[in-house]
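Beneath this line is the structure, given in structure tokens, with notes to follow.
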Amino acid sequence: MAGAIIENMSTKKLVILGVTLLLFQALAFMVGGLIAPSPTSAVEYLTTKCVDKDKDAPKTKWFMPWGVHQCKKVKTFDEATAQKIEANHIVFAAHIPMPKKEMSPWFQFILVILQFDIAFNMNNPIVDGAVVTIDASLAYRDDLFSEWTEMAHSLEHRNLNCNFTSEKTTENEGRYYGCDPLPFMEVGSVAHKYYLINIRLPVKDRKTVNNGIGEIRDIRLVSIHQNGGFTQVWFAMKTFLTPSILIIMIWYWRRITLMTRPPVLLEKVIFALGISMTFINIPVEWFSVGFNWTWMLLFGDIRQGIFYSMLLSFWIIFCGEHLMDQTERNRFSVYWKQVGPIVFGSFCLFIFDMCERGVQLTNPFYSIWASDVGTELAMSFIIVAGICACLYFLFLCFMVFQVFRNISGKRTSLPAMPKARRLHYEGLIFRFKFLMLVTLTCAAMTIIFFIISQVNEGHWHWGDRTVQVNSAFFTGIYGMWNLYVFAIMFLYAPSHKCYGNEQSSGDGGATSGEDIQLTTTITHVDGPTEIYKMTGKEAQE
């Protein structure tokens with residue numbers, strides 16, 4: 001019977017395969033670096049102070065900062081005071097996007113950060129633990145002449161964290177506090193061309209609402225969205241890679257089912273890895289261009305979480321199956337101590353994601369970062385996730401080291417073997433070690449990508465727009481995952497080659513060093529490859 005392709009393919013063909021995959025990997029990085037623009041763009045808006053003194057106006061009245069039906073404005077609060085306009089009659093308005101521009105479904109999402117410009121005033125300082133109450137409304141329309149349609153309305157609370165670096169004296173009145181940006185809004189789809197944000201800061205002395213928040217001069221908004229060009233490149237990659245992985249997955253499992261023995265655990269896990277890769281590849285995002293599916297961000301997080309869990313579990317099982325003896329291997333239950341924490345961690349991240357993006361499906365102004373407890377919880381999740389990812393990689397390195405040591409124990413008996421069998425085993429060991437090093441490299445890049453993605457998303461919520469991951473990193477890592485899964489399924493698929501009887505007589509009858517090195521001598525009734533069986537015997541000994 002035949003073994004796996006990684007054993008039986010000639011060195012020349014393996015080199016061609018490796019070079020081809022390497023070229024595709026370079027192409028994946030080049031697509032992001034040379035073709036795709038940066039993943040996201042940030043646009044800053046200075047809100048316009050509109051005056052709402054019409055008591056008879058309907059509650060759904062919207063205030064436009066510019067255009068034909070623009071609102072009555074005041075430039076400063078001093079001007080409003082001179083006109084006897086109270087703070088409750090001021091509406092901060094912002095139109096997204098800028099004049100003469102349109103939003104597009106290709107932008108995928110809108111994330112808005114809020115920044116207060118607060119001046120120091122001896123008679124109106126910011127008190128400790130100040131909380132600002134925001135009456136926020138969001139509307140949309142698809143042309144410049146239609147009426148605005150309300151999309152969301154909510155009364156939100158945000159904690160102010162401001163510092164005044166100068167001395168608090170009358171001479172320094174008018175200087176601005178240094179305030180941290182605040183999370184304001186996140187919309188999971190951009191199905192409309194124009195969006196309007198109206199913000200009120202209601203003041204109620206008796207209820208101490210918006211008292212002790214300082215002298216607010218202006219409100220600035222920073223809108224972050226995915227670039228349309230990057231979205232198109234991303235969708236094109238998904239569309240191209242989906243059939244590639246799907247075809248190799250079907251081909252792989254067909255070869256497994258044609259074997260006379262039942263599939264072992266390692267083969268089942270490889271197939272499950274292919275399914276998870278196909279699941280994350282399917283370009284359902286194309287529908288978000290034509291439909292207002294605000295849940296696409298949450299669905300994308302769920303898909304990526306499933307793939308992370310499967311990939312991390314696969315590496316543990318892949319190494320573990322080459323460490324255990326025949327009595328322990330091929331049983332998923334023996335890995336519960338390693339796979340269990342991975343599944344539990346993924347479930348915790350899912351709950352955390354549901355607590356924010358799940359709620360945002362009905363209230364885009366909600367943010368878990370809005371409260372001190374939520375911020376500490378979110379920060380803790382990011383830090384703990386990063387630490388656990390690093391610990392996982394160190395544990396994986398330890399497992400790979402054990403696998404290499406296990407193989408080295410068998411390698412000490414190679415000099416006593418006939419030349420044909422010695423060359424054969426040396427070739428198999430080299431190929432397996434090289435694959436394990438590639439696995440470690442892929443794992444390291446995945447861990448780095450996971451940590452940077454979490455930190456980058458956190459910086460979005462903190463408002464630090466200077467942190468940005470290059471498009472080449474996104475496309476390169478995504479291409480690496482697909483190429484790795486493709487290579488694993490191809491190399492561990494059963495080979496169609498059959499064996500001759502010339503090897504059983506040692507050196508006699510050998511045709512060439514390469515042919516001897518690249519043929520297999522066992523029937524593989526216990527596993528997919530000879531290394532798999534050899535490490536099992538070594539572990540048992």
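Identifiers in the structure tokens: chain A, B, ... in order shown; residue index from 1 per chain; ligand index from 1 in order shown.
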Next on the checklist: Could you list, as JSON, numbers by chain, every residue within 8 Å of Met296 (chain A), counting only C-alpha atoms and ignoring same-chain residues fewer than 3 positions away?
Outcome noted: {"A": [188, 189, 285, 288, 293, 299, 300]}
Checklist entry - Quick one: residues within 6 Å of Ile199 (chain A), only C-alpha atoms counted, chain neighbours fewer than 5 positions away excluded, as a count of residues only? => result 4
Next on the checklist: Which residues are close to Met249 (chain A), i.e. within 10 Å by only C-alpha atoms, leaving aside same-chain residues fewer than 3 positions away? Reply as a PyMOL selection string.
Outcome noted: chain A and resi 243-246+252-254+270-275+277-278+485-486+489-490+493
Item to check | Exercise: Phe184 (chain A) partners within 6 Å, only C-alpha atoms, chain neighbours under 6 positions left out, as a ChimeraX atom specification | outcome: /A:112-114,365
Next on the checklist: For the structure I just gave you, how does DSSP split region 48-233 of chain A - specifically, which residues are strand (DSSP E)? Reply as a PyMOL selection string.
Outcome noted: chain A and resi 48-51+90-96+110-119+131-141+149-159+162-163+178-179+182-187+194-200+215-226
Item to check | Nearest candidate to Phe116 (chain A) (options A:Thr47, A:Gln402, A:Ser453, A:Asn292; using only C-alpha atoms) | outcome: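 That would be A:Thr47, the residue with the smallest distance to Phe116 (chain A).
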Checklist entry - Excluding same-chain residues fewer than 4 positions from region 160-173 of chain A, what lies within 12 Å of it counting only C-alpha atoms, as number ranges by chain? => result A: 114-133, 177-183, 210, 212-216, 370-372, 462
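Residues with any atom within 12 Å of Ile85 (chain A), counting only C-alpha atoms and excluding same-chain neighbours fewer than 4 positions away, are Lys49, Cys50, Val51, Asp52, Lys53, Asp54, Lys72, Lys73, Val74, Thr76, Phe77, Asp78, Glu79, Ala80, Thr81, His89, Ile90 and Val91 of chain A.
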Checklist entry - Would you give me, as a list in words, the residues in region 96-194 of chain A that DSSP reads as helix (DSSP H, G or I)? => result Pro105, Trp106, Phe107, Thr170, Glu171 and Asn172 of chain A
For the residues selected in the previous step, produce a file with C-alpha atoms as a PDB file, in the first residue's frame.
ATOM      1  CA  PRO A 105     -20.963  49.788   1.203  1.00  0.00           C
ATOM      2  CA  TRP A 106     -17.335  48.927   0.427  1.00  0.00           C
ATOM      3  CA  PHE A 107     -16.375  50.796   3.626  1.00  0.00           C
ATOM      4  CA  THR A 170      -6.829  82.727  36.744  1.00  0.00           C
ATOM      5  CA  GLU A 171      -3.922  83.445  34.390  1.00  0.00           C
ATOM      6  CA  ASN A 172      -4.348  80.008  32.822  1.00  0.00           C
TER       7      ASN A 172
END
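Rounded to one decimal, CA of Leu423 (chain A) and CA of Arg261 (chain A) lie 28.0 Å from each other.
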Item to check | Long-range neighbours of Leu196 (chain A) as a PyMOL selection string, 9 Å cut-off, only C-alpha atoms, 6 positions minimum in chain | outcome: chain A and resi 62-64+93-97+137-141+148
